[in-house]
Amino acid sequence: MILHAIFSVALASSPTYEPPPVTVVDEYTTQDGTRTRWASVSYSLPQGQTAEVVLVVDDANHGDGYLYVDGEAIVHSTWDASTGLTNWISSTPEASELASAALVGLAGGPGTELMDAFGGESQAFKCSAWGKKVLRAGKYIWSGVVAASAGVCCLSAGAGCPLCLGAGAVAQGIGADALEDYCD
């Protein structure tokens with residue numbers, strides 16, 4: 001009984017364990033010959049939910065970016081060279097709070113890990129015609145996802161809006177540094 005009480009107190013006083021972000025990156029070619037690169041990062045939020053950010057870009061200079069929390073879409077950004085950037089944000093009542101937590105988390109390690117995976121470490125990729133397309137289009141998509149996340153966060157955050165804008169600025173900087181790292 002005493003051992004159980006000591007163990008319970010130790011667990012209650014220790015910081016909550018948050019698993020590290022999980023990043024996945026891959027490429028594929030569709031049946032019509034379109035070459036596509038995608039990357040995602042999943043990370044835990046302080047309230048126990050799981051956030052996921054996904055970037056998908058193809059060699060037709062088109063792509064999509066998503067922010068999900070527990071599988072529900074909060075933000076969707078689409079880039080097409082001919083039409084530009086289009087954003088969609090969730091109108092659910094909890095979207096602002098979820099976007100805030102996800103954006104603050106993304107501004108840390110998960111954002112950097114996603115950009116490292118998406119941009120690749122190979123200079124050959126970054127200097128290739130394919131790599132340049134991926135990184136340039138990815139920059140627009142990343143900007144859209146971050147800006148839309150900050151926007152939905154500020155819709156009802158009130159006094160928390162500066163936190164959303166600050167986290168958005170940090171995340172934007174992470175993407176700019178990584179996605180502008182291609183050869184001219």
# chains A, B, ... in the order shown; residues from 1 in each chain; ligands from 1
>>> residues_around(residues="Thr78 in chain A", least_positions_apart="6", cutoff="12 Å", atoms="only C-alpha atoms", output="list of chain:residue names")
A:Val54, A:Leu55, A:Val56, A:Val57, A:Asp58, A:Asn61, A:His62, A:Gly63, A:Asp64, A:Gly65, A:Tyr66, A:Gly84, A:Leu85, A:Thr86, A:Asn87, A:Trp88, A:Ile89, A:Ala137, A:Gly138, A:Lys139, A:Tyr140, A:Ile141, A:Trp142, A:Ser143, A:Gly144, A:Val145, A:Ala148
>>> residues_around(residues="range 93-110 of chain A", least_positions_apart="5", cutoff="9 Å", atoms="only C-alpha atoms", output="MDAnalysis selection string")
chainID A and resid 20:23 41:47 49:53 67:69 74:75 115 146 149:157 160:161 163:164 166:174
>>> write_last_selection(atoms="C-alpha atoms", output="PDB file, in the first residue's frame")
ATOM      1  CA  PRO A  20       8.912  12.396 -30.329  1.00  0.00           C
ATOM      2  CA  PRO A  21       7.383  13.445 -33.641  1.00  0.00           C
ATOM      3  CA  VAL A  22       7.091  10.768 -36.307  1.00  0.00           C
ATOM      4  CA  THR A  23       8.096  11.866 -39.797  1.00  0.00           C
ATOM      5  CA  VAL A  41       4.840  14.678 -39.342  1.00  0.00           C
ATOM      6  CA  SER A  42       2.676  13.468 -36.450  1.00  0.00           C
ATOM      7  CA  TYR A  43       3.156  14.846 -32.963  1.00  0.00           C
ATOM      8  CA  SER A  44       1.361  14.908 -29.629  1.00  0.00           C
ATOM      9  CA  LEU A  45      -0.430  17.965 -28.293  1.00  0.00           C
ATOM     10  CA  PRO A  46      -0.465  18.834 -24.573  1.00  0.00           C
ATOM     11  CA  GLN A  47      -4.150  17.828 -24.216  1.00  0.00           C
ATOM     12  CA  GLN A  49      -4.541  14.767 -29.163  1.00  0.00           C
ATOM     13  CA  THR A  50      -2.373  13.922 -32.159  1.00  0.00           C
ATOM     14  CA  ALA A  51      -1.636  16.578 -34.770  1.00  0.00           C
ATOM     15  CA  GLU A  52      -0.460  15.735 -38.259  1.00  0.00           C
ATOM     16  CA  VAL A  53       0.815  18.038 -40.987  1.00  0.00           C
ATOM     17  CA  LEU A  67      -3.289  20.141 -40.745  1.00  0.00           C
ATOM     18  CA  TYR A  68      -5.239  17.433 -38.940  1.00  0.00           C
ATOM     19  CA  VAL A  69      -5.941  16.978 -35.251  1.00  0.00           C
ATOM     20  CA  ILE A  74      -8.456  21.872 -39.481  1.00  0.00           C
ATOM     21  CA  VAL A  75      -6.690  23.477 -42.465  1.00  0.00           C
ATOM     22  CA  MET A 115      11.066  20.372 -43.373  1.00  0.00           C
ATOM     23  CA  VAL A 146       0.867  28.103 -41.498  1.00  0.00           C
ATOM     24  CA  SER A 149      -3.601  27.823 -39.087  1.00  0.00           C
ATOM     25  CA  ALA A 150      -2.779  31.197 -37.544  1.00  0.00           C
ATOM     26  CA  GLY A 151      -5.952  32.633 -39.064  1.00  0.00           C
ATOM     27  CA  VAL A 152      -8.279  29.960 -37.698  1.00  0.00           C
ATOM     28  CA  CYS A 153      -6.468  30.192 -34.380  1.00  0.00           C
ATOM     29  CA  CYS A 154      -7.095  33.944 -34.157  1.00  0.00           C
ATOM     30  CA  LEU A 155     -10.783  33.659 -35.080  1.00  0.00           C
ATOM     31  CA  SER A 156     -11.805  33.037 -31.491  1.00  0.00           C
ATOM     32  CA  ALA A 157      -8.528  33.110 -29.592  1.00  0.00           C
ATOM     33  CA  GLY A 160      -4.331  34.300 -27.457  1.00  0.00           C
ATOM     34  CA  CYS A 161      -4.050  35.627 -31.012  1.00  0.00           C
ATOM     35  CA  LEU A 163       0.603  33.587 -29.391  1.00  0.00           C
ATOM     36  CA  CYS A 164      -0.842  32.165 -32.631  1.00  0.00           C
ATOM     37  CA  GLY A 166       4.139  34.376 -32.952  1.00  0.00           C
ATOM     38  CA  ALA A 167       4.036  30.598 -33.421  1.00  0.00           C
ATOM     39  CA  GLY A 168       3.039  31.164 -37.043  1.00  0.00           C
ATOM     40  CA  ALA A 169       6.002  33.481 -37.600  1.00  0.00           C
ATOM     41  CA  VAL A 170       8.399  30.901 -36.131  1.00  0.00           C
ATOM     42  CA  ALA A 171       6.902  28.084 -38.234  1.00  0.00           C
ATOM     43  CA  GLN A 172       7.006  30.312 -41.315  1.00  0.00           C
ATOM     44  CA  GLY A 173      10.718  30.935 -40.691  1.00  0.00           C
ATOM     45  CA  ILE A 174      11.411  27.217 -40.342  1.00  0.00           C
TER      46      ILE A 174
END
>>> select_by_dssp(residues="chain A", states="helix (DSSP H, G or I)", output="PyMOL selection string")
chain A and resi 2-13+95-106+109-119+123-127+129-179
>>> atom_distance(atom1="CA of Thr36 in chain A", atom2="CA of Asp59 in chain A")
6.4 Å
>>> select_by_dssp(residues="range 36-84 of chain A", states="strand (DSSP E or B)", output="PDB file with N, CA and C atoms, in the first residue's frame")
ATOM      1  N   THR A  36       5.302  12.565 -57.714  1.00  0.00           N
ATOM      2  CA  THR A  36       4.807  13.219 -56.500  1.00  0.00           C
ATOM      3  C   THR A  36       5.713  12.908 -55.319  1.00  0.00           C
ATOM      4  N   ARG A  37       5.952  13.923 -54.496  1.00  0.00           N
ATOM      5  CA  ARG A  37       6.706  13.765 -53.245  1.00  0.00           C
ATOM      6  C   ARG A  37       5.789  14.205 -52.117  1.00  0.00           C
ATOM      7  N   TRP A  38       5.780  13.445 -51.030  1.00  0.00           N
ATOM      8  CA  TRP A  38       4.976  13.831 -49.884  1.00  0.00           C
ATOM      9  C   TRP A  38       5.755  13.564 -48.599  1.00  0.00           C
ATOM     10  N   ALA A  39       5.395  14.317 -47.588  1.00  0.00           N
ATOM     11  CA  ALA A  39       5.983  14.119 -46.258  1.00  0.00           C
ATOM     12  C   ALA A  39       4.925  14.469 -45.221  1.00  0.00           C
ATOM     13  N   SER A  40       5.011  13.812 -44.086  1.00  0.00           N
ATOM     14  CA  SER A  40       4.094  14.127 -42.984  1.00  0.00           C
ATOM     15  C   SER A  40       4.843  14.030 -41.666  1.00  0.00           C
ATOM     16  N   VAL A  41       4.332  14.769 -40.708  1.00  0.00           N
ATOM     17  CA  VAL A  41       4.840  14.678 -39.342  1.00  0.00           C
ATOM     18  C   VAL A  41       3.634  14.575 -38.412  1.00  0.00           C
ATOM     19  N   SER A  42       3.703  13.631 -37.483  1.00  0.00           N
ATOM     20  CA  SER A  42       2.676  13.468 -36.450  1.00  0.00           C
ATOM     21  C   SER A  42       3.324  13.748 -35.111  1.00  0.00           C
ATOM     22  N   TYR A  43       2.614  14.494 -34.270  1.00  0.00           N
ATOM     23  CA  TYR A  43       3.156  14.846 -32.963  1.00  0.00           C
ATOM     24  C   TYR A  43       2.025  15.012 -31.962  1.00  0.00           C
ATOM     25  N   SER A  44       2.352  14.835 -30.697  1.00  0.00           N
ATOM     26  CA  SER A  44       1.361  14.908 -29.629  1.00  0.00           C
ATOM     27  C   SER A  44       1.164  16.342 -29.170  1.00  0.00           C
ATOM     28  N   THR A  50      -3.474  14.086 -31.212  1.00  0.00           N
ATOM     29  CA  THR A  50      -2.373  13.922 -32.159  1.00  0.00           C
ATOM     30  C   THR A  50      -2.595  14.861 -33.331  1.00  0.00           C
ATOM     31  N   ALA A  51      -1.596  15.676 -33.610  1.00  0.00           N
ATOM     32  CA  ALA A  51      -1.636  16.578 -34.770  1.00  0.00           C
ATOM     33  C   ALA A  51      -0.807  15.951 -35.878  1.00  0.00           C
ATOM     34  N   GLU A  52      -1.218  16.205 -37.105  1.00  0.00           N
ATOM     35  CA  GLU A  52      -0.460  15.735 -38.259  1.00  0.00           C
ATOM     36  C   GLU A  52      -0.482  16.834 -39.317  1.00  0.00           C
ATOM     37  N   VAL A  53       0.689  17.105 -39.880  1.00  0.00           N
ATOM     38  CA  VAL A  53       0.815  18.038 -40.987  1.00  0.00           C
ATOM     39  C   VAL A  53       1.351  17.241 -42.170  1.00  0.00           C
ATOM     40  N   VAL A  54       0.693  17.411 -43.325  1.00  0.00           N
ATOM     41  CA  VAL A  54       1.042  16.667 -44.528  1.00  0.00           C
ATOM     42  C   VAL A  54       1.291  17.661 -45.662  1.00  0.00           C
ATOM     43  N   LEU A  55       2.377  17.465 -46.403  1.00  0.00           N
ATOM     44  CA  LEU A  55       2.673  18.238 -47.605  1.00  0.00           C
ATOM     45  C   LEU A  55       2.785  17.269 -48.778  1.00  0.00           C
ATOM     46  N   VAL A  56       2.114  17.587 -49.893  1.00  0.00           N
ATOM     47  CA  VAL A  56       2.131  16.756 -51.090  1.00  0.00           C
ATOM     48  C   VAL A  56       2.366  17.675 -52.282  1.00  0.00           C
ATOM     49  N   VAL A  57       3.401  17.394 -53.088  1.00  0.00           N
ATOM     50  CA  VAL A  57       3.733  18.225 -54.248  1.00  0.00           C
ATOM     51  C   VAL A  57       4.015  17.324 -55.440  1.00  0.00           C
ATOM     52  N   ASP A  58       3.517  17.728 -56.623  1.00  0.00           N
ATOM     53  CA  ASP A  58       3.834  16.957 -57.821  1.00  0.00           C
ATOM     54  C   ASP A  58       4.613  17.801 -58.820  1.00  0.00           C
ATOM     55  N   HIS A  62       1.857  21.598 -58.616  1.00  0.00           N
ATOM     56  CA  HIS A  62       0.601  21.564 -57.882  1.00  0.00           C
ATOM     57  C   HIS A  62       0.862  20.853 -56.564  1.00  0.00           C
ATOM     58  N   GLY A  63       0.131  21.225 -55.541  1.00  0.00           N
ATOM     59  CA  GLY A  63       0.297  20.528 -54.282  1.00  0.00           C
ATOM     60  C   GLY A  63      -0.750  20.885 -53.259  1.00  0.00           C
ATOM     61  N   ASP A  64      -0.723  20.140 -52.170  1.00  0.00           N
ATOM     62  CA  ASP A  64      -1.663  20.319 -51.080  1.00  0.00           C
ATOM     63  C   ASP A  64      -0.928  20.226 -49.755  1.00  0.00           C
ATOM     64  N   GLY A  65      -1.458  20.922 -48.770  1.00  0.00           N
ATOM     65  CA  GLY A  65      -0.974  20.833 -47.398  1.00  0.00           C
ATOM     66  C   GLY A  65      -2.166  20.719 -46.466  1.00  0.00           C
ATOM     67  N   TYR A  66      -2.018  19.936 -45.419  1.00  0.00           N
ATOM     68  CA  TYR A  66      -3.113  19.691 -44.499  1.00  0.00           C
ATOM     69  C   TYR A  66      -2.614  19.779 -43.065  1.00  0.00           C
ATOM     70  N   LEU A  67      -3.489  20.243 -42.185  1.00  0.00           N
ATOM     71  CA  LEU A  67      -3.289  20.141 -40.745  1.00  0.00           C
ATOM     72  C   LEU A  67      -4.486  19.382 -40.200  1.00  0.00           C
ATOM     73  N   TYR A  68      -4.204  18.249 -39.563  1.00  0.00           N
ATOM     74  CA  TYR A  68      -5.239  17.433 -38.940  1.00  0.00           C
ATOM     75  C   TYR A  68      -4.984  17.378 -37.441  1.00  0.00           C
ATOM     76  N   VAL A  69      -6.050  17.295 -36.676  1.00  0.00           N
ATOM     77  CA  VAL A  69      -5.941  16.978 -35.251  1.00  0.00           C
ATOM     78  C   VAL A  69      -6.887  15.819 -34.991  1.00  0.00           C
ATOM     79  N   GLU A  72      -9.173  14.882 -37.843  1.00  0.00           N
ATOM     80  CA  GLU A  72     -10.117  15.866 -38.377  1.00  0.00           C
ATOM     81  C   GLU A  72      -9.357  17.018 -39.027  1.00  0.00           C
ATOM     82  N   ALA A  73      -9.730  17.348 -40.258  1.00  0.00           N
ATOM     83  CA  ALA A  73      -9.064  18.431 -40.979  1.00  0.00           C
ATOM     84  C   ALA A  73      -9.380  19.773 -40.332  1.00  0.00           C
ATOM     85  N   ILE A  74      -8.320  20.525 -40.036  1.00  0.00           N
ATOM     86  CA  ILE A  74      -8.456  21.872 -39.481  1.00  0.00           C
ATOM     87  C   ILE A  74      -8.137  22.891 -40.574  1.00  0.00           C
ATOM     88  N   VAL A  75      -7.140  22.580 -41.401  1.00  0.00           N
ATOM     89  CA  VAL A  75      -6.690  23.477 -42.465  1.00  0.00           C
ATOM     90  C   VAL A  75      -6.345  22.652 -43.702  1.00  0.00           C
ATOM     91  N   HIS A  76      -6.655  23.204 -44.875  1.00  0.00           N
ATOM     92  CA  HIS A  76      -6.238  22.607 -46.144  1.00  0.00           C
ATOM     93  C   HIS A  76      -5.809  23.746 -47.060  1.00  0.00           C
ATOM     94  N   SER A  77      -4.601  23.657 -47.596  1.00  0.00           N
ATOM     95  CA  SER A  77      -4.090  24.637 -48.548  1.00  0.00           C
ATOM     96  C   SER A  77      -3.751  23.932 -49.845  1.00  0.00           C
ATOM     97  N   THR A  78      -4.116  24.567 -50.954  1.00  0.00           N
ATOM     98  CA  THR A  78      -3.831  24.028 -52.280  1.00  0.00           C
ATOM     99  C   THR A  78      -3.044  25.059 -53.060  1.00  0.00           C
ATOM    100  N   TRP A  79      -1.981  24.589 -53.724  1.00  0.00           N
ATOM    101  CA  TRP A  79      -1.184  25.462 -54.583  1.00  0.00           C
ATOM    102  C   TRP A  79      -1.238  24.937 -56.006  1.00  0.00           C
ATOM    103  N   ASP A  80      -1.470  25.840 -56.933  1.00  0.00           N
ATOM    104  CA  ASP A  80      -1.382  25.536 -58.352  1.00  0.00           C
ATOM    105  C   ASP A  80      -0.779  26.767 -59.011  1.00  0.00           C
ATOM    106  N   GLY A  84      -2.742  29.922 -58.154  1.00  0.00           N
ATOM    107  CA  GLY A  84      -2.191  30.429 -56.901  1.00  0.00           C
ATOM    108  C   GLY A  84      -2.562  29.568 -55.706  1.00  0.00           C
TER     109      GLY A  84
END
>>> atom_distance(atom1="CA of Ala129 in chain A", atom2="CA of Arg35 in chain A")
12.1 Å
